[in-house]
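Written below as structure tokens is the structure these notes are about.
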Amino acid sequence: MNLVEAKYLEYTVNVIFKEFLEYKGHENLPTYKILWKHNDKLFFANTLNFENNYTVMISKSTPDSIPYYEKLPLVENGKFPNDIREFVFSKYLGKPFANPINLYNDPLALLKESISLAKSLDKFHLDNPEYRLLNVSYLDSKIALPFILVDKDFELEPVSLIEVSKN
């Protein structure tokens, strides 16, 4: 999958389902990291920069080249992340007795369904997708990188979800 699809996948796994379940009163839900594969190398990385679990932050800079972060708005219909939120809600969460707790607690099922959901959108509406990965750590190395820049044709494959905490 390309990097934009990967961002949609990460948002689906780490925000949409978890936020909905917490809203429904579920506590101590696992937090997952996606294990990625690229060129036969396995690594953990974030495709999105989150603040307070659910807010996506976008890096910007002032005209004086001073870097800062801005919250990605949720209000623009038809654009990321509203497009994937609306899609998942219409398929799963908008039903009267929706409670995907069993799906969320099964990492294999959650990953497979989230991949399917992320790839099901007709169009991806992510302005300025920021072609980089954050907090990169390779499985076969002790090296951890704060980020790596990638080109727009970068392909990566999600291979597993690993539980990193319960909150």
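In the structure tokens, each chain is lettered A, B, ... as it comes, each chain's residues begin at 1, and ligands are numbered from 1 in order of appearance.
The shell of residues at most 8 Å from A:Leu48, with only C-alpha atoms counted and near chain neighbours (fewer than 6 positions) removed, consists of A:Lys7, A:Glu10, A:Tyr11, A:Val56, A:Met57, A:Leu133, A:Leu134.
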Inset, instruction - Would you kindly return, as a list in words, each protein, DNA or RNA residue with an atom no farther than 12 Å from any atom of A:Asp106, considering only C-alpha atoms and excluding same-chain residues fewer than 5 positions away? - result: Val13, Leu29, Pro30, Thr31, Tyr32, Pro100, Ile101, Leu111, Lys112, Glu113, Ser114, Ser160, Leu161, Ile162 and Glu163 of chain A
Could you please take those selected residues and save all heavy atoms as a compact mmCIF listing (two decimals), in the first residue's frame?
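again_23.txt, written as the output of this step:
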```txt
# COMPACT_ATOMS: atom_id res chain seq x y z
N VAL A 13 -7.18 2.17 12.65
CA VAL A 13 -6.80 1.31 13.78
C VAL A 13 -6.69 2.11 15.07
O VAL A 13 -7.25 1.71 16.10
CB VAL A 13 -5.46 0.59 13.49
CG1 VAL A 13 -4.92 -0.07 14.75
CG2 VAL A 13 -5.63 -0.43 12.37
N LEU A 29 -8.63 -0.37 26.94
CA LEU A 29 -8.50 -0.91 25.58
C LEU A 29 -7.03 -0.95 25.18
O LEU A 29 -6.26 -0.06 25.54
CB LEU A 29 -9.27 -0.03 24.59
CG LEU A 29 -10.78 0.02 24.79
CD1 LEU A 29 -11.38 1.12 23.94
CD2 LEU A 29 -11.41 -1.32 24.45
N PRO A 30 -6.65 -1.96 24.41
CA PRO A 30 -5.25 -1.99 23.96
C PRO A 30 -4.96 -0.87 22.97
O PRO A 30 -5.84 -0.41 22.25
CB PRO A 30 -5.12 -3.35 23.28
CG PRO A 30 -6.49 -3.86 23.09
CD PRO A 30 -7.41 -3.10 23.97
N THR A 31 -3.73 -0.43 22.97
CA THR A 31 -3.22 0.48 21.94
C THR A 31 -2.29 -0.34 21.08
O THR A 31 -1.47 -1.10 21.59
CB THR A 31 -2.46 1.66 22.57
OG1 THR A 31 -3.37 2.40 23.38
CG2 THR A 31 -1.87 2.57 21.51
N TYR A 32 -2.44 -0.23 19.78
CA TYR A 32 -1.65 -1.05 18.86
C TYR A 32 -0.65 -0.21 18.08
O TYR A 32 -0.89 0.95 17.79
CB TYR A 32 -2.58 -1.74 17.84
CG TYR A 32 -3.54 -2.71 18.44
CD1 TYR A 32 -4.90 -2.42 18.49
CD2 TYR A 32 -3.12 -3.93 18.96
CE1 TYR A 32 -5.80 -3.32 19.03
CE2 TYR A 32 -4.01 -4.83 19.50
CZ TYR A 32 -5.35 -4.53 19.53
OH TYR A 32 -6.24 -5.42 20.06
N PRO A 100 -18.15 -2.89 18.23
CA PRO A 100 -17.09 -3.71 17.65
C PRO A 100 -15.98 -4.08 18.63
O PRO A 100 -14.82 -4.19 18.24
CB PRO A 100 -16.57 -2.82 16.52
CG PRO A 100 -16.79 -1.43 17.03
CD PRO A 100 -18.06 -1.49 17.82
N ILE A 101 -16.32 -4.30 19.90
CA ILE A 101 -15.30 -4.61 20.90
C ILE A 101 -14.58 -5.91 20.58
O ILE A 101 -13.36 -6.00 20.74
CB ILE A 101 -15.89 -4.64 22.34
CG1 ILE A 101 -14.77 -4.77 23.38
CG2 ILE A 101 -16.92 -5.74 22.51
CD1 ILE A 101 -13.89 -3.59 23.51
N LEU A 111 -6.79 -5.81 12.04
CA LEU A 111 -5.88 -5.41 10.97
C LEU A 111 -6.48 -5.72 9.60
O LEU A 111 -6.50 -4.86 8.71
CB LEU A 111 -4.51 -6.08 11.11
CG LEU A 111 -3.49 -5.70 10.05
CD1 LEU A 111 -3.19 -4.20 10.07
CD2 LEU A 111 -2.21 -6.50 10.23
N LYS A 112 -7.00 -6.93 9.44
CA LYS A 112 -7.57 -7.31 8.14
C LYS A 112 -8.75 -6.41 7.76
O LYS A 112 -8.85 -5.94 6.63
CB LYS A 112 -8.00 -8.78 8.17
CG LYS A 112 -6.82 -9.74 8.15
CD LYS A 112 -7.21 -11.17 8.40
CE LYS A 112 -8.03 -11.74 7.27
NZ LYS A 112 -8.30 -13.18 7.44
N GLU A 113 -9.63 -6.16 8.72
CA GLU A 113 -10.80 -5.32 8.44
C GLU A 113 -10.39 -3.87 8.20
O GLU A 113 -10.92 -3.20 7.32
CB GLU A 113 -11.82 -5.41 9.57
CG GLU A 113 -13.13 -4.77 9.25
CD GLU A 113 -13.84 -5.35 8.03
OE1 GLU A 113 -13.62 -6.52 7.67
OE2 GLU A 113 -14.64 -4.60 7.42
N SER A 114 -9.42 -3.38 8.95
CA SER A 114 -8.97 -1.99 8.77
C SER A 114 -8.28 -1.81 7.42
O SER A 114 -8.45 -0.76 6.77
CB SER A 114 -8.04 -1.59 9.90
OG SER A 114 -8.73 -1.59 11.13
N SER A 160 1.41 -6.88 10.88
CA SER A 160 0.88 -7.31 12.17
C SER A 160 0.52 -6.08 13.00
O SER A 160 0.97 -4.97 12.73
CB SER A 160 1.93 -8.14 12.91
OG SER A 160 1.38 -8.69 14.08
N LEU A 161 -0.30 -6.32 14.02
CA LEU A 161 -0.59 -5.31 15.05
C LEU A 161 0.00 -5.85 16.35
O LEU A 161 -0.24 -7.00 16.72
CB LEU A 161 -2.09 -5.11 15.24
CG LEU A 161 -2.84 -4.39 14.15
CD1 LEU A 161 -4.32 -4.24 14.54
CD2 LEU A 161 -2.24 -3.03 13.87
N ILE A 162 0.75 -5.01 17.02
CA ILE A 162 1.37 -5.38 18.27
C ILE A 162 0.78 -4.48 19.36
O ILE A 162 0.77 -3.25 19.24
CB ILE A 162 2.91 -5.19 18.22
CG1 ILE A 162 3.51 -5.90 17.02
CG2 ILE A 162 3.56 -5.61 19.52
CD1 ILE A 162 3.33 -7.39 16.98
N GLU A 163 0.31 -5.10 20.43
CA GLU A 163 -0.24 -4.32 21.55
C GLU A 163 0.91 -3.66 22.29
O GLU A 163 1.85 -4.34 22.70
CB GLU A 163 -1.01 -5.24 22.48
CG GLU A 163 -1.69 -4.52 23.59
CD GLU A 163 -2.52 -5.44 24.49
OE1 GLU A 163 -3.22 -6.32 23.95
OE2 GLU A 163 -2.42 -5.28 25.70
```
Legend entry - Shell of 7 Å around A:Met1, only C-alpha atoms, local chain residues under 6 positions omitted, as a ChimeraX atom specification: /A:155-157
May I have the selected residues written with N, CA, C and O atoms, as a CSV table (one decimal), in the first residue's frame?
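Below you can see again_28.csv, which holds the result:
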```csv
chain,number,residue,atom,x,y,z
A,155,GLU,N,6.2,2.4,-0.9
A,155,GLU,CA,5.2,1.3,-0.6
A,155,GLU,C,5.6,0.6,0.6
A,155,GLU,O,6.8,0.3,0.9
A,156,LEU,N,4.6,0.3,1.4
A,156,LEU,CA,4.9,-0.5,2.7
A,156,LEU,C,3.7,-1.4,2.9
A,156,LEU,O,2.6,-1.2,2.4
A,157,GLU,N,3.9,-2.5,3.6
A,157,GLU,CA,2.9,-3.5,3.8
A,157,GLU,C,2.7,-3.7,5.3
A,157,GLU,O,3.7,-4.0,6.0
```
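Residues in contact with stretch 146-149 of chain A at 10 Å, where only C-alpha atoms are counted and same-chain residues fewer than 4 positions away are skipped, are listed as Ala45, Asn46, Thr47, Glu130, Tyr131, Arg132, Leu133, Leu134, Asn135, Val136, Ser137 and Phe154 of chain A.
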Inset, instruction - Extract the full set of alpha helix (DSSP H) residues from chain A according to DSSP on the backbone, and format it as a PyMOL selection string. - result: chain A and resi 3-11+17-23+82-88+101-104+107-120
Legend entry - Residue nearest A:Asn2 - candidates A:Leu110, A:Ile66, A:Ile115, A:Ala144, atoms counted: only C-alpha atoms: A:Ile115
